[in-house]
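This report refers to the structure that appears directly beneath it.
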Amino acid sequence: MYPSEYLYTKEHEWIRVEGDSGVLGITQFAQHELGDVVFVELPEVGQKFESHDEIGTIESVKAVAELYTPVSGEILEINEALIDDPAVLNDDPHTDGWLLRIQVANKEDLQELMSAEQYTQYVDEASD
Amino acid sequence: MTESGQQDGHRYLPTGTEDRREMLEMIGIESVDDLFRALPEQILLPSDPEIGGPLSDQQLRRYFGELDRKNKVGGRDLACFLGGGAYRHETPALIDSFLTRSEFLTVYTPYQPEVSQGTLQSIFEFQTFISLLTGLPVANASMYEGASAFAEGVLMASRIQRKRRKVVVARSIHPQYRATLMTYAQNLDLEVVEVGWQEDGTVDLAQLEQEVGEDTICIGLQSPNYFGVVEDWAPVSGLAKSCGALTLGVVTEALSLALLKSPGAGGCDIAVGEAHSFGLPVSFGGPLLGFMAATDRHKRSLPGRLAGETVDRNGDRAFVLTLATREQHIRREKATSNICTNQALCALAATVYLSLHGKKGLRRLAEINLKRAASLRRRLAAIEGFDSRFDAPCFNEFALRSKGSVSVLLKSLEEDGVLAGVPLGPDYPELEDSFLVTTTECNPPEELDRLVDLLQRRSVKDDTLPITL
Amino acid sequence: MAEEQQDRRTPKVSWRNPSLLFELSKPGRIGVELPPVGVEDASLEDLLPEEVRRGEVEGMPEVSEVDVLRHFSRLSRRNFAPDLGLYPLGSCTMKYNPRVNEELARLPGLAHSHPLQPESTVQGNLELCWALEQILIRLTGLERVSLQPAAGAQGEFAGILMAKAALNHRGEKRKYILIPDSAHGTNPASARFAGFDVKELLSNDRGTLDLADLEREMTEDVAALMLTVPNTLGVFENQILDIARIVHSKGGFLYCDGANFNAFVGKASPGAMGVDVLHMNLHKTFTTPHGGGGPGSGPVGVCSELVPFLPAPMVEKTAHGYRLDMDRPLSIGRVRTFNGQFGMLIRALAYILAMGGKGIRQVSENAVLNANYLRKALEGKYHLPYVSDSMHEVVFSDKNQAKHGVTTLDIAKRLMDYGFHPPTIYFPTIVSGALMIEPTETVAREDMDAFIEAMLAIAEEAETDPEMVRGAPYSTPVLRCDEARAARQPRLRWTPEAV
């Protein structure tokens with residue numbers, strides 16, 4: 001269920017590293033927990049963040065999740081399609097529902113993250 | 001207050017002695033006291049609290065009737081020309097017939113849309129009315145009253161403009177609104193600066209220009225302002241825009257919106273104010289009806305509730321509370337406001353009132369207010385010893401300057417059965433010589449004549465007459 | 001299948017789906033008769049220059065009084081109300097709103113008194129406020145009560161501001177407010193708007209505060225503990241005296257959220273508990289009508305140390321009658337215009353006088369008795385996550401029904417088909433799938449029995465026909481609503497184009 005080439009955070013986000021940048025999204029587990037996503041607030045391209053900074057929010061009908069960046073760096077691109085149609089996040093969180101592309105300024109940030117296998121186990125424990 | 005005869009049951013408590021016994025038995029306890037065993041003995045009241053009663057309906061009528069007669073009010077005992085943020089208007093009978101209907105009166109916040117469509121649709125209609133009148137596309141489902149709506153409007157602007165910290169407000173905004181803002185802002189990192197007025201009573205644009213800059217969150221302006229003077233939003237909102245600040249329009253007499261250029265059309269980003277004029281009695285100042293409206297791009301920063309249109313499972317039109325993640329019950333300390341209960345029933349009163357008056361009626365009513373006030377202003381200012389304090393156009397109230405002491409004058413008019421106005425001195429020492437006179441459709445022409453006559457008799461013809469204190 | 005039937009049986013055009021008022025508009029209709037101008041008729045252009053004038057408000061409706069009557073009468077039929085049947089919204093106290101109070105609040109001398117009238121002309125109002133304050137002082141055991149706050153949340157805000165002001169006055173800068181995880185969302189929001197950071201305290205197995213935890217968190221950097229008593233699980237903090245001692249020993253204030261004061265009003269005294277600040281919701285404990293979400297009223301009572309900081313003005317009694325005291329140099333200021341929700345104060349006072357001392361004690365006794373009656377009847381079928389004694393409300397969860405795929409939301413919706421309003425759901429958040437039931441003291445036992453029967457039937461249906469329960473409600477003016485659509489493409493007002 002969770003793509004093996006992605007890395008995962010404890011906040012149920014994934015990052016797909018491509019060279020010096022990474023694409024960030026939320027996991028299938030996260031979208032299921034949130035329910036129907038109605039609004040996504042993303043940072044602006046060009047903004048710079050430290051790892052673990054809050055960089056946006058995802059709202060469903062009755063919940064709000066803060067979005068944290070697992071890596072330090074500059075925002076390179078955001079998924080504009082989500083602004084118009086946030087339902088994509090529910091339908092396809094691992095591909096079309098990507099949130100943003102961020103520069104990976106410091107590769108060491110990635111070492112804290114989980115593999116797909118570790119994350120699957122983490123989710124299983126969380127649901128118990 | 002006499003006590004009623006002691007009886008076992010009470011008319012509001014359906015559970016009788018027999019029920020009580022059976023229920024205790026079913027629960028499996030001896031006495032009601034067992035249900036309170038978690039309460040430490042030290043906190044229990046030793047006996048029934050001494051608070052009077054119980055009173056029957058008739059006894060209540062007598063008690064409150066006595067209090068009622070200890071007041072003297074406009075329309076019954078006095079001629080009343082008071083305004084200053086609370087305006088007396090006639091209310092059609094239909095309003096109360098809905099305000100006392102169980103289905104509107106006794107329900108709560110419509111969290112369950114399937115059984116609350118009546119409340120939800122009426123809120124949606126209220127939002128529409130406020131949006132039409134303010135010229136801004138999104139209005140919330142009410143605030144407590146104007147002053148806290150104003151404070152919340154400033155806090156909303158500060159959330160939108162996170163990096164700025166200066167709030168510039170006209171000193172001609174209602175003094176109690178500004179006082180409330182200071183209460184709300186006292187522990188937040190905001191700097192509030194006040195700007196005065198120019199000779200004709202409108203905001204001092206030159207001073208405003210000096211105060212406004214890159215650090216300004218918003219400019220707050222009221223129209224008609226506390227002196228009744230109509231302001232032009234446009235130059236102020238233009239100035240705000242030029243430095244990236246927002247414009248917060250304040251309206252304390254919502255009826256004026258039927259005739260005056262709307263805050264939205266004047267370039268305001270947020271409009272707040274008081275709408276009790278639409279169908280609610282002044283009721284010693286509460287409950288009133290706060291409102292708030294904003295541009296579409298700021299809708300997610302609004303405090304309070306919003307009703308929205310959607311469909312049900314059959315595809316039929318339905319209304320629900322929406323964008324609720326802004327609110328305290330979900331967002332807790334990150335919410336846009338702590339407001340929970342608002343003024344829903346008052347908003348219903350306004351909705352019924354605005355429906356009845358409609359496009360033509362509301363405008364005609366506003367014209368009656370405008371014209372009566374203008375006429376009275378002209379006639380009073382013509383009396384020797386009195387003049388209009390400011391020259392700019394007014395809506396239904398205006399500041400009158402008196403050569404003699406304002407407090408002595410008002411007191412003596414009170415003895416003649418006329419509450420002629422609100423003195424400006426307590427809030428504006430430099431306007432100690434002036435008071436605020438308000439005229440609505442509740443002041444019939446004979447009352448206007450009477451006030452003119454009484455002031456003529458107190459006409460101060462000679463400048464050398466001492467100003468009595 | 002059910003939907004097909006619905007389609008055939010329901011006519012396409014029906015007043016059951018009323019138009020928006022704006023859609024009823026026809027040019028030339030009007031719903032009021034206005035007086036003549038009555039003075040010389042100046043032209044609008046002469047009185048208002050063009051740059052501040054507007055034309056007719058586009059979109060405003062034109063309808064007759066009869067149109068308005070029908071419209072809102074029809075809307076009213078689309079609401080379920082406490083007067084029609086049990087409306088057991090936990091935490092909200094949906095009790096009977098005596099109709100005599102409505103009559104009294106409309107007495108012309110009260111309803112038409114202007115807030116800026118000279119004191120000599122509003123002695124009746126001031127006496128009324130004074131009388132209500134004296135009674136609330138007696139019921140709370142506190143020193144003074146401000147009647148100004150417009151609702152509970154504003155009372156909270158004023159209360160926390162007073163604590164802050166008192167600390168400033170002492171020369172102390174404290175940073176935190178402690179709030180249990182079971183608290184109403186207004187608590188953390190109010191604390192935040194007063195400039196504090198919030199630290200959350202975890203509830204223990206009993207659903208109450210853990211004293212060791214409190215002892216650890218209650219430092220000299222904490223301004224106050226905000227505690228709801230009884231808490232939102234309906235459980236009384238039986239160690240309230242220890243809690244107060246711990247908070248006071250560090251110089252903090254004990255704030256009591258009085259949303260649940262109706263559980264012990266007339267029976268126990270917040271002052272004796274060690275409470276320093278308490279707000280009351282007149283629309284809950286003292287039954288001013290909820291009005292579809294307001295107006296409320298949130299008087300706030302304080303201990304003697306906080307009296308100087310109360311909002312201005314306060315009503316004072318003097319040898320020459322009553323007056324409004326504006327001169328309060330240490331006051332936190334105003335939280336709103338004028339003198340509070342005066343119309344609600346009239347109703348609350350009338351209610352208290354109608355109950356009397358003995359009656360007000362019976363209010364809390366019967367409220368607690370009724371909640372325990374419901375608890376006893378339902379605890380076999382519904383899961384009770386906290387077994388501590390219940391006061392005026394009881395919180396169940398959907399754990400037993402969830403096994404069959406039926407959630408709290410489904411149970412709530414199905415209750416509507418049985419003719420009841422659902423309880424508060426999914427709150428407190430510390431209970432997964434919470435069903436928070438508060439019957440209040442003004443519900444008849446027969447109504448509770450009918451509710452119990454419905455709840456037990458739904459529990460049965462959850463096992464035998466979960467699919468059907470998940471589709472509920474079936475008999476309401478509209479069926480389940482698409483809330484995601486409402487939030488994704490917000491339509492927040494009527495616009496002419498959309499017709």
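Chain lettering (A, B, ...) mirrors the order of the structure tokens, residue numbering begins at 1 for each chain separately, and ligand numbering begins at 1 in order of display.
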Next item on the list: Step one, run DSSP on the backbone; step two, keep only residues of chain A assigned to strand (DSSP E); then write them as a VMD selection string.
Entry: chain A and resid 7 to 8 13 to 18 21 to 26 37 to 41 48 to 49 54 to 60 64 to 68 73 to 78 100 to 103
Next, the residues of the selection above should be written as a short mmCIF file (atom, residue, chain, number, x, y, z; two decimals), in the first residue's frame with N, CA and C atoms.
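Output below, filename out-v4.cif:
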```
data_model
loop_
_atom_site.label_atom_id
_atom_site.label_comp_id
_atom_site.auth_asym_id
_atom_site.auth_seq_id
_atom_site.Cartn_x
_atom_site.Cartn_y
_atom_site.Cartn_z
N LEU A 7 9.85 8.01 1.62
CA LEU A 7 10.16 8.00 3.05
C LEU A 7 8.98 8.61 3.79
N TYR A 8 8.83 8.21 5.07
CA TYR A 8 7.60 8.59 5.80
C TYR A 8 7.92 9.25 7.13
N GLU A 13 3.17 11.87 6.79
CA GLU A 13 3.48 12.49 5.50
C GLU A 13 4.51 11.61 4.80
N TRP A 14 4.56 11.75 3.48
CA TRP A 14 5.60 11.04 2.72
C TRP A 14 6.43 12.05 1.94
N ILE A 15 7.65 11.66 1.63
CA ILE A 15 8.48 12.50 0.76
C ILE A 15 9.18 11.59 -0.26
N ARG A 16 9.14 12.05 -1.49
CA ARG A 16 9.80 11.31 -2.57
C ARG A 16 10.99 12.16 -3.01
N VAL A 17 12.18 11.68 -2.69
CA VAL A 17 13.37 12.49 -2.98
C VAL A 17 13.79 12.29 -4.44
N GLU A 18 13.98 13.43 -5.11
CA GLU A 18 14.43 13.40 -6.52
C GLU A 18 15.57 14.38 -6.64
N SER A 21 15.84 17.83 -4.51
CA SER A 21 14.55 18.27 -3.97
C SER A 21 13.71 17.05 -3.65
N GLY A 22 12.57 17.31 -2.99
CA GLY A 22 11.67 16.22 -2.65
C GLY A 22 10.23 16.64 -2.84
N VAL A 23 9.39 15.68 -3.23
CA VAL A 23 7.96 15.95 -3.33
C VAL A 23 7.30 15.44 -2.06
N LEU A 24 6.43 16.31 -1.48
CA LEU A 24 5.82 16.00 -0.18
C LEU A 24 4.33 15.73 -0.34
N GLY A 25 3.83 14.77 0.44
CA GLY A 25 2.39 14.49 0.41
C GLY A 25 1.95 13.90 1.74
N ILE A 26 0.65 13.60 1.86
CA ILE A 26 0.19 12.90 3.07
C ILE A 26 -0.16 11.48 2.68
N VAL A 37 -11.44 15.92 2.59
CA VAL A 37 -10.63 17.13 2.67
C VAL A 37 -11.34 18.24 1.91
N VAL A 38 -11.46 19.41 2.55
CA VAL A 38 -12.20 20.49 1.91
C VAL A 38 -11.33 21.70 1.58
N PHE A 39 -10.15 21.76 2.18
CA PHE A 39 -9.33 22.95 1.96
C PHE A 39 -7.89 22.64 2.29
N VAL A 40 -7.00 23.13 1.45
CA VAL A 40 -5.58 22.93 1.67
C VAL A 40 -4.89 24.29 1.63
N GLU A 41 -4.13 24.58 2.67
CA GLU A 41 -3.41 25.84 2.73
C GLU A 41 -1.92 25.52 2.62
N LYS A 48 11.25 29.86 2.78
CA LYS A 48 12.26 28.93 3.30
C LYS A 48 11.87 28.45 4.68
N PHE A 49 12.10 27.17 4.95
CA PHE A 49 11.71 26.61 6.23
C PHE A 49 12.82 25.75 6.81
N GLU A 54 6.00 24.26 10.80
CA GLU A 54 4.64 24.12 10.27
C GLU A 54 4.58 24.91 8.97
N ILE A 55 4.15 24.26 7.90
CA ILE A 55 4.18 24.96 6.62
C ILE A 55 2.81 25.07 5.96
N GLY A 56 1.78 24.55 6.60
CA GLY A 56 0.45 24.66 6.01
C GLY A 56 -0.55 23.87 6.81
N THR A 57 -1.79 23.85 6.34
CA THR A 57 -2.82 23.08 7.01
C THR A 57 -3.68 22.35 5.99
N ILE A 58 -4.24 21.25 6.44
CA ILE A 58 -5.20 20.51 5.63
C ILE A 58 -6.48 20.42 6.44
N GLU A 59 -7.57 20.87 5.85
CA GLU A 59 -8.84 20.87 6.58
C GLU A 59 -9.80 19.89 5.97
N SER A 60 -10.44 19.11 6.85
CA SER A 60 -11.57 18.32 6.41
C SER A 60 -12.81 18.97 6.99
N VAL A 64 -8.74 19.55 11.46
CA VAL A 64 -7.67 20.29 10.81
C VAL A 64 -6.36 19.60 11.13
N ALA A 65 -5.53 19.39 10.13
CA ALA A 65 -4.22 18.82 10.40
C ALA A 65 -3.16 19.84 9.98
N GLU A 66 -2.20 20.03 10.85
CA GLU A 66 -1.09 20.90 10.49
C GLU A 66 -0.10 20.09 9.65
N LEU A 67 0.52 20.79 8.74
CA LEU A 67 1.47 20.15 7.84
C LEU A 67 2.87 20.60 8.27
N TYR A 68 3.77 19.63 8.45
CA TYR A 68 5.13 19.97 8.87
C TYR A 68 6.11 19.52 7.78
N GLY A 73 14.59 23.72 3.81
CA GLY A 73 14.80 24.11 2.42
C GLY A 73 13.76 25.08 1.92
N GLU A 74 13.89 25.40 0.62
CA GLU A 74 13.01 26.39 0.01
C GLU A 74 11.88 25.69 -0.74
N ILE A 75 10.69 26.29 -0.70
CA ILE A 75 9.56 25.73 -1.45
C ILE A 75 9.78 26.03 -2.93
N LEU A 76 9.75 24.99 -3.75
CA LEU A 76 10.05 25.15 -5.18
C LEU A 76 8.79 25.17 -6.04
N GLU A 77 7.77 24.46 -5.59
CA GLU A 77 6.58 24.30 -6.42
C GLU A 77 5.45 23.84 -5.51
N ILE A 78 4.23 24.30 -5.77
CA ILE A 78 3.10 23.73 -5.03
C ILE A 78 2.09 23.17 -6.02
N LEU A 100 3.54 19.55 -2.42
CA LEU A 100 4.52 20.56 -2.84
C LEU A 100 5.89 19.93 -3.07
N ARG A 101 6.72 20.69 -3.75
CA ARG A 101 8.11 20.27 -3.93
C ARG A 101 8.98 21.22 -3.11
N ILE A 102 9.85 20.61 -2.32
CA ILE A 102 10.72 21.42 -1.46
C ILE A 102 12.18 21.02 -1.70
N GLN A 103 13.03 22.00 -1.64
CA GLN A 103 14.47 21.75 -1.76
C GLN A 103 14.92 20.91 -0.56
#
```
When you get a sec, could you note down which chain C residues fall within 8 Å of chain A, using only C-alpha atoms, as a compact mmCIF listing (two decimals) with N, CA and C atoms, in the first residue's frame?
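In the end it all went to iface-v4.txt:
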```
# COMPACT_ATOMS: atom_id res chain seq x y z
N GLU C 483 -21.89 17.70 3.56
CA GLU C 483 -21.14 18.76 4.22
C GLU C 483 -19.81 19.05 3.53
N ALA C 484 -19.25 18.01 2.88
CA ALA C 484 -17.99 18.23 2.17
C ALA C 484 -18.20 19.20 1.02
N ARG C 485 -19.30 19.03 0.31
CA ARG C 485 -19.60 19.94 -0.80
C ARG C 485 -19.77 21.38 -0.30
N ALA C 487 -18.40 22.78 2.16
CA ALA C 487 -17.13 23.38 2.57
C ALA C 487 -16.15 23.54 1.41
N ARG C 488 -16.30 22.66 0.39
CA ARG C 488 -15.36 22.75 -0.73
C ARG C 488 -15.69 23.91 -1.66
```
With the cut-off set at 12 Å and counting only C-alpha atoms, tabulate each residue of range 297-380 of chain C with an atom at most that distance from an atom of range 150-154 of chain B, showing the nearest atom pair and its distance in Å to one decimal, ordered by chain and increasing number, as a Markdown table.
```
| residue | atom | partner | partner_atom | distance |
| --- | --- | --- | --- | --- |
| C:Arg334 | CA | B:Ala151 | CA | 11.2 |
| C:Val335 | CA | B:Ala151 | CA | 9.3 |
| C:Arg336 | CA | B:Ala151 | CA | 9.3 |
| C:Thr337 | CA | B:Phe150 | CA | 10.9 |
```
Checklist line | For Leu202 in chain C: contacts at 12 Å, only C-alpha atoms, fewer than 3 positions along chain excluded, given as a list in words | finding: Leu178, Ile179, Pro180, Asp181, Ser182, Ala183, Lys199, Asp205, Arg206, Gly207, Thr208, Leu209, Asp210, Leu211, Ala212, Asp213, Leu214, Glu217, Thr429 and Ile430 of chain C
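All chain B residues having an atom within 8 Å of chain A, based on only C-alpha atoms, amount to B:Thr322, B:Leu323, B:Ala324, B:Thr325, B:Ile330, B:Arg331.
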Written file, previous selection with all heavy atoms, as a PDB file, in the first residue's frame:
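Ended up saving to selection12.pdb:
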```
ATOM      1  N   THR B 322     -20.992  25.533   8.031  1.00  0.00           N
ATOM      2  CA  THR B 322     -19.846  25.127   7.229  1.00  0.00           C
ATOM      3  C   THR B 322     -18.594  25.929   7.585  1.00  0.00           C
ATOM      4  O   THR B 322     -18.661  26.882   8.356  1.00  0.00           O
ATOM      5  CB  THR B 322     -20.185  25.237   5.725  1.00  0.00           C
ATOM      6  OG1 THR B 322     -19.152  24.588   4.977  1.00  0.00           O
ATOM      7  CG2 THR B 322     -20.305  26.689   5.285  1.00  0.00           C
ATOM      8  N   LEU B 323     -17.474  25.524   7.022  1.00  0.00           N
ATOM      9  CA  LEU B 323     -16.153  26.103   7.332  1.00  0.00           C
ATOM     10  C   LEU B 323     -15.944  26.158   8.849  1.00  0.00           C
ATOM     11  O   LEU B 323     -15.415  27.121   9.391  1.00  0.00           O
ATOM     12  CB  LEU B 323     -16.013  27.506   6.720  1.00  0.00           C
ATOM     13  CG  LEU B 323     -16.248  27.625   5.210  1.00  0.00           C
ATOM     14  CD1 LEU B 323     -15.936  29.043   4.746  1.00  0.00           C
ATOM     15  CD2 LEU B 323     -15.401  26.644   4.434  1.00  0.00           C
ATOM     16  N   ALA B 324     -16.403  25.108   9.526  1.00  0.00           N
ATOM     17  CA  ALA B 324     -16.412  25.088  10.991  1.00  0.00           C
ATOM     18  C   ALA B 324     -15.020  24.920  11.589  1.00  0.00           C
ATOM     19  O   ALA B 324     -14.834  25.147  12.780  1.00  0.00           O
ATOM     20  CB  ALA B 324     -17.319  23.967  11.492  1.00  0.00           C
ATOM     21  N   THR B 325     -14.049  24.549  10.761  1.00  0.00           N
ATOM     22  CA  THR B 325     -12.709  24.325  11.321  1.00  0.00           C
ATOM     23  C   THR B 325     -12.052  25.612  11.793  1.00  0.00           C
ATOM     24  O   THR B 325     -11.024  25.572  12.431  1.00  0.00           O
ATOM     25  CB  THR B 325     -11.806  23.656  10.272  1.00  0.00           C
ATOM     26  OG1 THR B 325     -11.974  24.357   9.047  1.00  0.00           O
ATOM     27  CG2 THR B 325     -12.184  22.213  10.098  1.00  0.00           C
ATOM     28  N   ILE B 330     -13.489  23.077  17.270  1.00  0.00           N
ATOM     29  CA  ILE B 330     -12.560  22.212  16.551  1.00  0.00           C
ATOM     30  C   ILE B 330     -11.121  22.709  16.707  1.00  0.00           C
ATOM     31  O   ILE B 330     -10.229  21.968  17.070  1.00  0.00           O
ATOM     32  CB  ILE B 330     -12.934  22.154  15.054  1.00  0.00           C
ATOM     33  CG1 ILE B 330     -14.295  21.466  14.907  1.00  0.00           C
ATOM     34  CG2 ILE B 330     -11.860  21.419  14.257  1.00  0.00           C
ATOM     35  CD1 ILE B 330     -14.845  21.472  13.518  1.00  0.00           C
ATOM     36  N   ARG B 331     -10.920  24.007  16.478  1.00  0.00           N
ATOM     37  CA  ARG B 331      -9.557  24.528  16.429  1.00  0.00           C
ATOM     38  C   ARG B 331      -9.003  24.887  17.804  1.00  0.00           C
ATOM     39  O   ARG B 331      -7.837  25.220  17.934  1.00  0.00           O
ATOM     40  CB  ARG B 331      -9.548  25.743  15.506  1.00  0.00           C
ATOM     41  CG  ARG B 331      -8.254  26.094  14.793  1.00  0.00           C
ATOM     42  CD  ARG B 331      -7.689  24.945  13.982  1.00  0.00           C
ATOM     43  NE  ARG B 331      -6.707  25.415  13.011  1.00  0.00           N
ATOM     44  CZ  ARG B 331      -6.987  25.754  11.750  1.00  0.00           C
ATOM     45  NH1 ARG B 331      -8.222  25.692  11.322  1.00  0.00           N
ATOM     46  NH2 ARG B 331      -6.027  26.143  10.940  1.00  0.00           N
TER      47      ARG B 331
END
```
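Using only C-alpha atoms, the nearest neighbour of chain C within the list B:Arg171, B:Arg377, B:Arg450, B:Lys334 is B:Lys334.
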Checklist line | Selection near range 89-100 of chain B, 10 Å with only C-alpha atoms, sequence-local residues under 5 positions removed, as a ChimeraX atom specification | finding: /B:105-106,255,276-282,345-346,348-353,356-357,365,369,439-443 /C:31-34,65-66,68-69,72-73,76,99,102-103,106,112,289,291
Store the residues of this selection in a file with C-alpha atoms, as a PDB file, in the first residue's frame.
```pdb
ATOM      1  CA  LEU B 105     -37.106  30.333  20.438  1.00  0.00           C
ATOM      2  CA  THR B 106     -36.154  27.138  22.226  1.00  0.00           C
ATOM      3  CA  LEU B 255     -30.496  51.452   8.779  1.00  0.00           C
ATOM      4  CA  HIS B 276     -30.388  45.850  16.244  1.00  0.00           C
ATOM      5  CA  SER B 277     -32.166  48.669  14.409  1.00  0.00           C
ATOM      6  CA  PHE B 278     -33.668  45.900  12.331  1.00  0.00           C
ATOM      7  CA  GLY B 279     -36.473  44.813  14.593  1.00  0.00           C
ATOM      8  CA  LEU B 280     -35.088  44.696  18.127  1.00  0.00           C
ATOM      9  CA  PRO B 281     -36.013  46.998  20.999  1.00  0.00           C
ATOM     10  CA  VAL B 282     -33.145  48.941  22.571  1.00  0.00           C
ATOM     11  CA  LEU B 345     -32.645  34.844  17.533  1.00  0.00           C
ATOM     12  CA  CYS B 346     -31.796  38.520  17.103  1.00  0.00           C
ATOM     13  CA  LEU B 348     -33.952  36.080  12.926  1.00  0.00           C
ATOM     14  CA  ALA B 349     -35.667  39.270  14.069  1.00  0.00           C
ATOM     15  CA  ALA B 350     -33.518  41.243  11.626  1.00  0.00           C
ATOM     16  CA  THR B 351     -34.226  38.787   8.826  1.00  0.00           C
ATOM     17  CA  VAL B 352     -37.992  39.069   9.307  1.00  0.00           C
ATOM     18  CA  TYR B 353     -37.709  42.855   9.624  1.00  0.00           C
ATOM     19  CA  LEU B 356     -41.026  42.958   5.567  1.00  0.00           C
ATOM     20  CA  HIS B 357     -39.424  46.270   4.677  1.00  0.00           C
ATOM     21  CA  LEU B 365     -37.730  54.406   6.237  1.00  0.00           C
ATOM     22  CA  ASN B 369     -35.004  59.206   9.441  1.00  0.00           C
ATOM     23  CA  THR B 439     -34.335  61.403  15.382  1.00  0.00           C
ATOM     24  CA  THR B 440     -36.016  58.303  14.022  1.00  0.00           C
ATOM     25  CA  GLU B 441     -39.515  57.466  12.844  1.00  0.00           C
ATOM     26  CA  CYS B 442     -40.292  56.991  16.557  1.00  0.00           C
ATOM     27  CA  ASN B 443     -40.067  60.757  17.012  1.00  0.00           C
TER      28      ASN B 443
ATOM     29  CA  GLY C  31     -44.699  44.200   4.055  1.00  0.00           C
ATOM     30  CA  VAL C  32     -44.937  47.401   6.125  1.00  0.00           C
ATOM     31  CA  GLU C  33     -46.895  50.628   6.321  1.00  0.00           C
ATOM     32  CA  LEU C  34     -44.585  53.540   7.019  1.00  0.00           C
ATOM     33  CA  GLU C  65     -46.567  40.687   5.135  1.00  0.00           C
ATOM     34  CA  VAL C  66     -48.517  37.572   4.215  1.00  0.00           C
ATOM     35  CA  VAL C  68     -43.291  36.778   5.084  1.00  0.00           C
ATOM     36  CA  LEU C  69     -45.727  35.120   7.475  1.00  0.00           C
ATOM     37  CA  PHE C  72     -41.106  31.877   8.234  1.00  0.00           C
ATOM     38  CA  SER C  73     -43.999  29.730   9.435  1.00  0.00           C
ATOM     39  CA  SER C  76     -40.306  26.958  11.601  1.00  0.00           C
ATOM     40  CA  ARG C  99     -43.260  31.692  28.636  1.00  0.00           C
ATOM     41  CA  GLU C 102     -41.008  36.244  27.474  1.00  0.00           C
ATOM     42  CA  GLU C 103     -43.948  38.356  28.526  1.00  0.00           C
ATOM     43  CA  ARG C 106     -41.390  42.692  26.754  1.00  0.00           C
ATOM     44  CA  HIS C 112     -37.913  50.272  25.472  1.00  0.00           C
ATOM     45  CA  PRO C 289     -33.984  30.650  25.633  1.00  0.00           C
ATOM     46  CA  GLY C 291     -32.831  31.066  20.317  1.00  0.00           C
TER      47      GLY C 291
END
```
Margin query: So that I can check the surroundings of range 183-191 of chain B, please list as an NGL selection string every protein, DNA and RNA residue that reaches within 9 Å of it, counting only C-alpha atoms and ignoring chain neighbours fewer than 2 positions away.
Written below: (:B and (148 or 151-152 or 154-155 or 158 or 164-168 or 178-181 or 193)) or (:C and (157-158 or 161 or 164 or 193-196 or 332-335))
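With distances restricted to only C-alpha atoms, A:Glu5 is the closest residue to Glu117 in chain A from A:Asp92, A:Asp53, A:Glu33, A:Glu5.
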